[in-house]
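S.K.: A single structure is presented below for examination.
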Number of protein chains: 2
Amino acid sequence: MAIITPQIISWPEIRERLRSVDLITAMASAFSAYSQGHAVIPPVGELQFTDPPGDVHIKYGYINEGSHYVVKIASGFYENPQLGIPSSQGLMLLFDQKTGQLASVLLDEGRLTDERTGAAGAVAAKYLGPSNIHCIGIVGTGIQARCQLRHLSAVTPCREGVVWGRNADRAEQFCRDAAKFQMTVQVVKTLAELGHRANLIVTTTPAEKPLLKAEWITAGTHITAIGADGPNKQELDSGILSKADLVVVDSIEQSKNRGEVFRAVDAGAISPDSAIELGQIITGIKQGRTHQSQITVADLTGVAVQDLVIAQAVINGAP
Amino acid sequence: MAIITPQIISWPEIRERLRSVDLITAMASAFSAYSQGHAVIPPVGELQFTDPPGDVHIKYGYINEGSHYVVKIASGFYENPQLGIPSSQGLMLLFDQKTGQLASVLLDEGRLTDERTGAAGAVAAKYLGPSNIHCIGIVGTGIQARCQLRHLSAVTPCREGVVWGRNADRAEQFCRDAAKFQMTVQVVKTLAELGHRANLIVTTTPAEKPLLKAEWITAGTHITAIGADGPNKQELDSGILSKADLVVVDSIEQSKNRGEVFRAVDAGAISPDSAIELGQIITGIKQGRTHQSQITVADLTGVAVQDLVIAQAVINGAP
């Protein structure tokens, strides 16, 4: 045991190191460890700002008998793009579990959170999506919308998509960016059209009122809800969750006070014990999709164990 | 508004910058802002480790209409000194309140927490201590014991002290170190003797069972309790708080679930509404010590507003 000099790693180096990391496998292992009870993950810390609007999440925790604990600060200031600044900001910190010494400062500017969230969406699609995905529907046109679509290409051969956003120009730009990773995406004018065309849907907005309605969702569709990571956010009408054959969360504990499941339970649409964890499906303790005609929902609020695993993967190389 | 490149400042530079900061004034202003309701300070985040034992506190928040929000990680791993590593570890981070961008990384290795805690003890002594302090009693022989004594020299002319610790060698070393800042300190063998000799007492240990008993505390004494910053720590017998004429905390909110006041309320020794805030005394809303014969207690669990103010003072120069 010795005095540690913290290593400070900036985004260009993190990005380079990420090339050799299999993020899908890393996130699946993170959810497995979490659902097996190997991780200690206290409640998320939060700060809210109103002028301009922004929210900050502080996620922290460790895996028992691991080497480090993580603290991750991630914020969303949704007016940042008007200033030429990404809405996501933040960093990750790794500390030695035995002495508390700071080991690594990952100056990822919020991008590792974007990446691990994107990879988590792909894990959800891998375990819950229908076997024949014919069209991917993306709700939202920001960084996370791109991240989700990019990571999905690792788990489905589908290369067709539709996108819906409030801003037409940004939706068009999204389609041009998607083409760079071989996805052919068309803008749709309504969420009803998106619901009818896509059988894998990912929602990525900071909406505080439901965008997607149950009547627009067709049999056999899987929906991953990413945007609602706090108690006041909601993208899915609670009727979607009551209609779904399977509701999956990354963390049952966190779903008690944030995300789509929290809102649906609060509205009386589903019972508090109706959700199972993604990690339980990955480890085979619970069943995922059992029929192609089922509607499934994955509500991901983001768990610190994902931050721990991605940060350690960047530091140590591939998991 | 522009893209910010975070400045990363290591301890030697922080220490140099601290020379021009009046920490006593800075901490008094922090407590004032807090008690006037200008600060947003959510509950403390915590992690516990058992092998080796350690605890981590994550404190975060901001002052309304200020420039930055702070996240501070501070840990105590009390077996570290056996490895030649300070028990306190951690860092502070400042983020822009308008965009969430990381502005400053203060690699202080936990020392800014030590310093702001030491200065807070001096603020408590300034507002609550008897006018004729004849002997300072220090309970504990670690970093914080030194910090408290050093900062006290700014608010009292008293240069005589006694120290108690479980380890005789460390207590002797404490006396030698205290001499470096012109304090003449003697080791006492019992806490009873410390209580009888000192009329300003500061407790700085991670004890989980009371060390000081009410019968040892003489009239006119002020006690600042520093060590108990979590729900399981306690240095003062609850009888001391029920005997005291005045019980003061840095944060009434935090005292509901951590520190001496929490333990005394839990034990039924004092009522939940018996404590007032240090910031209320500083701003004149509440009275501090009104007679020299009073016994006063300040229970400081440490508030993120102190971290914000010391970090900003380091970055911007004197407050």
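Note on naming: chains are A, B, ... as they come in the structure tokens, residues start from 1 per chain, ligands start from 1 in the order shown.
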Write out as a PDB file with all heavy atoms, in the first residue's frame which residues come within 7 Å of region 222-227 of chain A when counting only C-alpha atoms, dropping same-chain ones fewer than 2 positions away.

M.R.:
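Final output, selection.pdb:
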ATOM      1  N   GLY A 121     -28.957   0.821 -23.023  1.00  0.00           N
ATOM      2  CA  GLY A 121     -30.115   0.688 -23.909  1.00  0.00           C
ATOM      3  C   GLY A 121     -29.948  -0.492 -24.851  1.00  0.00           C
ATOM      4  O   GLY A 121     -30.905  -1.243 -25.112  1.00  0.00           O
ATOM      5  N   LEU A 128     -34.540  -7.917 -24.453  1.00  0.00           N
ATOM      6  CA  LEU A 128     -35.994  -7.731 -24.455  1.00  0.00           C
ATOM      7  C   LEU A 128     -36.592  -7.465 -25.827  1.00  0.00           C
ATOM      8  O   LEU A 128     -37.797  -7.648 -26.023  1.00  0.00           O
ATOM      9  CB  LEU A 128     -36.362  -6.571 -23.511  1.00  0.00           C
ATOM     10  CG  LEU A 128     -36.074  -6.845 -22.037  1.00  0.00           C
ATOM     11  CD1 LEU A 128     -36.115  -5.545 -21.249  1.00  0.00           C
ATOM     12  CD2 LEU A 128     -37.073  -7.854 -21.474  1.00  0.00           C
ATOM     13  N   GLY A 129     -35.775  -7.023 -26.767  1.00  0.00           N
ATOM     14  CA  GLY A 129     -36.300  -6.669 -28.082  1.00  0.00           C
ATOM     15  C   GLY A 129     -36.844  -7.883 -28.819  1.00  0.00           C
ATOM     16  O   GLY A 129     -36.443  -9.015 -28.545  1.00  0.00           O
ATOM     17  N   PRO A 130     -37.788  -7.674 -29.761  1.00  0.00           N
ATOM     18  CA  PRO A 130     -38.265  -8.778 -30.590  1.00  0.00           C
ATOM     19  C   PRO A 130     -37.112  -9.264 -31.480  1.00  0.00           C
ATOM     20  O   PRO A 130     -36.159  -8.523 -31.740  1.00  0.00           O
ATOM     21  CB  PRO A 130     -39.378  -8.131 -31.423  1.00  0.00           C
ATOM     22  CG  PRO A 130     -39.032  -6.679 -31.471  1.00  0.00           C
ATOM     23  CD  PRO A 130     -38.375  -6.374 -30.153  1.00  0.00           C
ATOM     24  N   ASN A 199     -40.856  -1.126 -34.139  1.00  0.00           N
ATOM     25  CA  ASN A 199     -41.097  -2.150 -33.108  1.00  0.00           C
ATOM     26  C   ASN A 199     -39.968  -2.225 -32.072  1.00  0.00           C
ATOM     27  O   ASN A 199     -39.949  -3.097 -31.216  1.00  0.00           O
ATOM     28  CB  ASN A 199     -41.409  -3.520 -33.724  1.00  0.00           C
ATOM     29  CG  ASN A 199     -40.237  -4.114 -34.493  1.00  0.00           C
ATOM     30  OD1 ASN A 199     -39.319  -3.387 -34.857  1.00  0.00           O
ATOM     31  ND2 ASN A 199     -40.287  -5.407 -34.740  1.00  0.00           N
ATOM     32  N   LEU A 200     -39.048  -1.273 -32.167  1.00  0.00           N
ATOM     33  CA  LEU A 200     -38.109  -1.022 -31.065  1.00  0.00           C
ATOM     34  C   LEU A 200     -38.055   0.484 -30.906  1.00  0.00           C
ATOM     35  O   LEU A 200     -37.696   1.205 -31.847  1.00  0.00           O
ATOM     36  CB  LEU A 200     -36.708  -1.571 -31.369  1.00  0.00           C
ATOM     37  CG  LEU A 200     -35.731  -1.350 -30.207  1.00  0.00           C
ATOM     38  CD1 LEU A 200     -35.954  -2.381 -29.111  1.00  0.00           C
ATOM     39  CD2 LEU A 200     -34.281  -1.381 -30.664  1.00  0.00           C
ATOM     40  N   ILE A 201     -38.472   0.970 -29.759  1.00  0.00           N
ATOM     41  CA  ILE A 201     -38.566   2.416 -29.532  1.00  0.00           C
ATOM     42  C   ILE A 201     -37.668   2.794 -28.352  1.00  0.00           C
ATOM     43  O   ILE A 201     -37.635   2.090 -27.334  1.00  0.00           O
ATOM     44  CB  ILE A 201     -40.028   2.830 -29.234  1.00  0.00           C
ATOM     45  CG1 ILE A 201     -40.921   2.525 -30.448  1.00  0.00           C
ATOM     46  CG2 ILE A 201     -40.121   4.307 -28.847  1.00  0.00           C
ATOM     47  CD1 ILE A 201     -42.411   2.755 -30.207  1.00  0.00           C
ATOM     48  N   VAL A 202     -36.945   3.889 -28.512  1.00  0.00           N
ATOM     49  CA  VAL A 202     -36.129   4.415 -27.415  1.00  0.00           C
ATOM     50  C   VAL A 202     -36.490   5.875 -27.211  1.00  0.00           C
ATOM     51  O   VAL A 202     -36.470   6.660 -28.167  1.00  0.00           O
ATOM     52  CB  VAL A 202     -34.617   4.290 -27.704  1.00  0.00           C
ATOM     53  CG1 VAL A 202     -33.811   4.664 -26.458  1.00  0.00           C
ATOM     54  CG2 VAL A 202     -34.256   2.891 -28.162  1.00  0.00           C
ATOM     55  N   THR A 203     -36.835   6.241 -25.978  1.00  0.00           N
ATOM     56  CA  THR A 203     -37.209   7.628 -25.674  1.00  0.00           C
ATOM     57  C   THR A 203     -36.078   8.292 -24.891  1.00  0.00           C
ATOM     58  O   THR A 203     -35.566   7.730 -23.921  1.00  0.00           O
ATOM     59  CB  THR A 203     -38.511   7.696 -24.866  1.00  0.00           C
ATOM     60  OG1 THR A 203     -38.330   7.027 -23.610  1.00  0.00           O
ATOM     61  CG2 THR A 203     -39.652   7.030 -25.616  1.00  0.00           C
ATOM     62  N   THR A 204     -35.680   9.487 -25.322  1.00  0.00           N
ATOM     63  CA  THR A 204     -34.441  10.089 -24.797  1.00  0.00           C
ATOM     64  C   THR A 204     -34.604  11.561 -24.439  1.00  0.00           C
ATOM     65  O   THR A 204     -33.624  12.299 -24.444  1.00  0.00           O
ATOM     66  CB  THR A 204     -33.327   9.982 -25.860  1.00  0.00           C
ATOM     67  OG1 THR A 204     -33.667  10.829 -26.970  1.00  0.00           O
ATOM     68  CG2 THR A 204     -33.122   8.568 -26.344  1.00  0.00           C
ATOM     69  N   THR A 205     -35.805  11.996 -24.119  1.00  0.00           N
ATOM     70  CA  THR A 205     -36.028  13.425 -23.874  1.00  0.00           C
ATOM     71  C   THR A 205     -36.148  13.732 -22.376  1.00  0.00           C
ATOM     72  O   THR A 205     -36.404  12.829 -21.572  1.00  0.00           O
ATOM     73  CB  THR A 205     -37.336  13.901 -24.540  1.00  0.00           C
ATOM     74  OG1 THR A 205     -38.443  13.459 -23.729  1.00  0.00           O
ATOM     75  CG2 THR A 205     -37.490  13.350 -25.943  1.00  0.00           C
ATOM     76  N   PRO A 206     -35.991  15.007 -21.998  1.00  0.00           N
ATOM     77  CA  PRO A 206     -36.210  15.382 -20.597  1.00  0.00           C
ATOM     78  C   PRO A 206     -37.668  15.757 -20.320  1.00  0.00           C
ATOM     79  O   PRO A 206     -37.940  16.563 -19.432  1.00  0.00           O
ATOM     80  CB  PRO A 206     -35.283  16.588 -20.426  1.00  0.00           C
ATOM     81  CG  PRO A 206     -35.263  17.230 -21.772  1.00  0.00           C
ATOM     82  CD  PRO A 206     -35.435  16.127 -22.793  1.00  0.00           C
ATOM     83  N   GLY A 220     -45.740  -6.686 -29.996  1.00  0.00           N
ATOM     84  CA  GLY A 220     -44.381  -7.105 -30.324  1.00  0.00           C
ATOM     85  C   GLY A 220     -43.326  -6.030 -30.159  1.00  0.00           C
ATOM     86  O   GLY A 220     -42.155  -6.251 -30.443  1.00  0.00           O
ATOM     87  N   ASP A 229     -35.110  10.222 -15.656  1.00  0.00           N
ATOM     88  CA  ASP A 229     -34.181   9.750 -14.634  1.00  0.00           C
ATOM     89  C   ASP A 229     -34.432  10.417 -13.283  1.00  0.00           C
ATOM     90  O   ASP A 229     -33.693  10.192 -12.336  1.00  0.00           O
ATOM     91  CB  ASP A 229     -32.736   9.963 -15.090  1.00  0.00           C
ATOM     92  CG  ASP A 229     -32.469  11.420 -15.460  1.00  0.00           C
ATOM     93  OD1 ASP A 229     -33.414  12.231 -15.414  1.00  0.00           O
ATOM     94  OD2 ASP A 229     -31.314  11.744 -15.791  1.00  0.00           O
ATOM     95  N   ILE A 295     -45.516  -6.921 -25.561  1.00  0.00           N
ATOM     96  CA  ILE A 295     -44.999  -5.553 -25.417  1.00  0.00           C
ATOM     97  C   ILE A 295     -44.146  -5.523 -24.150  1.00  0.00           C
ATOM     98  O   ILE A 295     -44.587  -5.979 -23.085  1.00  0.00           O
ATOM     99  CB  ILE A 295     -46.147  -4.522 -25.331  1.00  0.00           C
ATOM    100  CG1 ILE A 295     -46.843  -4.419 -26.692  1.00  0.00           C
ATOM    101  CG2 ILE A 295     -45.631  -3.155 -24.872  1.00  0.00           C
ATOM    102  CD1 ILE A 295     -48.066  -3.526 -26.702  1.00  0.00           C
ATOM    103  N   THR A 296     -42.926  -5.039 -24.304  1.00  0.00           N
ATOM    104  CA  THR A 296     -42.017  -4.964 -23.150  1.00  0.00           C
ATOM    105  C   THR A 296     -41.525  -3.532 -22.995  1.00  0.00           C
ATOM    106  O   THR A 296     -41.392  -2.792 -23.969  1.00  0.00           O
ATOM    107  CB  THR A 296     -40.813  -5.911 -23.328  1.00  0.00           C
ATOM    108  OG1 THR A 296     -40.183  -5.631 -24.583  1.00  0.00           O
ATOM    109  CG2 THR A 296     -41.251  -7.376 -23.313  1.00  0.00           C
ATOM    110  N   VAL A 297     -41.286  -3.167 -21.743  1.00  0.00           N
ATOM    111  CA  VAL A 297     -40.776  -1.824 -21.433  1.00  0.00           C
ATOM    112  C   VAL A 297     -39.567  -1.963 -20.517  1.00  0.00           C
ATOM    113  O   VAL A 297     -39.612  -2.714 -19.536  1.00  0.00           O
ATOM    114  CB  VAL A 297     -41.849  -0.959 -20.728  1.00  0.00           C
ATOM    115  CG1 VAL A 297     -41.246   0.372 -20.258  1.00  0.00           C
ATOM    116  CG2 VAL A 297     -43.046  -0.710 -21.639  1.00  0.00           C
ATOM    117  N   ALA A 298     -38.485  -1.280 -20.877  1.00  0.00           N
ATOM    118  CA  ALA A 298     -37.333  -1.172 -19.967  1.00  0.00           C
ATOM    119  C   ALA A 298     -37.220   0.290 -19.544  1.00  0.00           C
ATOM    120  O   ALA A 298     -37.092   1.174 -20.387  1.00  0.00           O
ATOM    121  CB  ALA A 298     -36.052  -1.632 -20.651  1.00  0.00           C
ATOM    122  N   ASP A 299     -37.292   0.516 -18.261  1.00  0.00           N
ATOM    123  CA  ASP A 299     -37.217   1.870 -17.708  1.00  0.00           C
ATOM    124  C   ASP A 299     -35.858   2.001 -17.018  1.00  0.00           C
ATOM    125  O   ASP A 299     -35.652   1.450 -15.934  1.00  0.00           O
ATOM    126  CB  ASP A 299     -38.371   2.052 -16.713  1.00  0.00           C
ATOM    127  CG  ASP A 299     -38.315   3.379 -15.985  1.00  0.00           C
ATOM    128  OD1 ASP A 299     -37.719   4.333 -16.524  1.00  0.00           O
ATOM    129  OD2 ASP A 299     -38.869   3.450 -14.871  1.00  0.00           O
ATOM    130  N   LEU A 300     -34.953   2.720 -17.657  1.00  0.00           N
ATOM    131  CA  LEU A 300     -33.588   2.809 -17.133  1.00  0.00           C
ATOM    132  C   LEU A 300     -33.340   4.189 -16.519  1.00  0.00           C
ATOM    133  O   LEU A 300     -33.392   5.196 -17.225  1.00  0.00           O
ATOM    134  CB  LEU A 300     -32.576   2.540 -18.250  1.00  0.00           C
ATOM    135  CG  LEU A 300     -32.763   1.230 -19.023  1.00  0.00           C
ATOM    136  CD1 LEU A 300     -31.657   1.066 -20.067  1.00  0.00           C
ATOM    137  CD2 LEU A 300     -32.786   0.021 -18.094  1.00  0.00           C
ATOM    138  N   THR A 301     -33.104   4.220 -15.212  1.00  0.00           N
ATOM    139  CA  THR A 301     -32.817   5.504 -14.564  1.00  0.00           C
ATOM    140  C   THR A 301     -31.319   5.714 -14.362  1.00  0.00           C
ATOM    141  O   THR A 301     -30.897   6.805 -14.014  1.00  0.00           O
ATOM    142  CB  THR A 301     -33.541   5.609 -13.204  1.00  0.00           C
ATOM    143  OG1 THR A 301     -33.153   4.496 -12.384  1.00  0.00           O
ATOM    144  CG2 THR A 301     -35.049   5.588 -13.381  1.00  0.00           C
TER     145      THR A 301
END

S.K.: Could you list, as a list in words, every residue of chain B that has an atom within 6 Å of an atom of chain A, counting only C-alpha atoms?

M.R.: Ser75, Phe77, Gln89, Thr99, Gly100 and Gln101 of chain B

S.K.: I need the chosen residues saved as a PDB file, in the first residue's frame, with N, CA, C and O atoms.

M.R.:
ATOM      1  N   SER B  75     -13.150  11.488   2.954  1.00  0.00           N
ATOM      2  CA  SER B  75     -13.217  10.196   3.631  1.00  0.00           C
ATOM      3  C   SER B  75     -12.318  10.178   4.855  1.00  0.00           C
ATOM      4  O   SER B  75     -11.364  10.944   4.957  1.00  0.00           O
ATOM      5  N   PHE B  77     -10.348   7.106   6.741  1.00  0.00           N
ATOM      6  CA  PHE B  77      -9.951   5.693   6.897  1.00  0.00           C
ATOM      7  C   PHE B  77      -8.925   5.715   8.030  1.00  0.00           C
ATOM      8  O   PHE B  77      -7.767   6.077   7.834  1.00  0.00           O
ATOM      9  N   GLN B  89      -8.911  11.930   3.322  1.00  0.00           N
ATOM     10  CA  GLN B  89      -8.636  11.952   1.883  1.00  0.00           C
ATOM     11  C   GLN B  89      -9.812  12.637   1.200  1.00  0.00           C
ATOM     12  O   GLN B  89     -10.894  12.734   1.782  1.00  0.00           O
ATOM     13  N   THR B  99     -24.335  26.224 -16.539  1.00  0.00           N
ATOM     14  CA  THR B  99     -24.168  25.241 -17.622  1.00  0.00           C
ATOM     15  C   THR B  99     -23.790  23.851 -17.116  1.00  0.00           C
ATOM     16  O   THR B  99     -23.790  22.903 -17.904  1.00  0.00           O
ATOM     17  N   GLY B 100     -23.417  23.750 -15.836  1.00  0.00           N
ATOM     18  CA  GLY B 100     -22.972  22.462 -15.314  1.00  0.00           C
ATOM     19  C   GLY B 100     -21.531  22.121 -15.646  1.00  0.00           C
ATOM     20  O   GLY B 100     -21.043  21.062 -15.245  1.00  0.00           O
ATOM     21  N   GLN B 101     -20.850  23.003 -16.373  1.00  0.00           N
ATOM     22  CA  GLN B 101     -19.471  22.679 -16.742  1.00  0.00           C
ATOM     23  C   GLN B 101     -18.564  22.628 -15.510  1.00  0.00           C
ATOM     24  O   GLN B 101     -18.657  23.461 -14.618  1.00  0.00           O
TER      25      GLN B 101
END

S.K.: Report the distance between CA of Pro210 (chain B) and CA of Ser238 (chain B) in Å, rounded to one decimal place.

M.R.: 8.0 Å

S.K.: Counting only C-alpha atoms, which residue out of B:Ala33, B:Ala26, B:Leu94, B:Ala219 sits closest to Gly279 (chain B)?

M.R.: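 Closest candidate: B:Ala33.
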
S.K.: Tell me which protein, DNA and RNA residues are within 10 Å of Arg166 (chain B), counting only C-alpha atoms, leaving out same-chain ones fewer than 5 positions away, and put them as a ChimeraX atom specification.

M.R.: /B:139-141,171,189-190
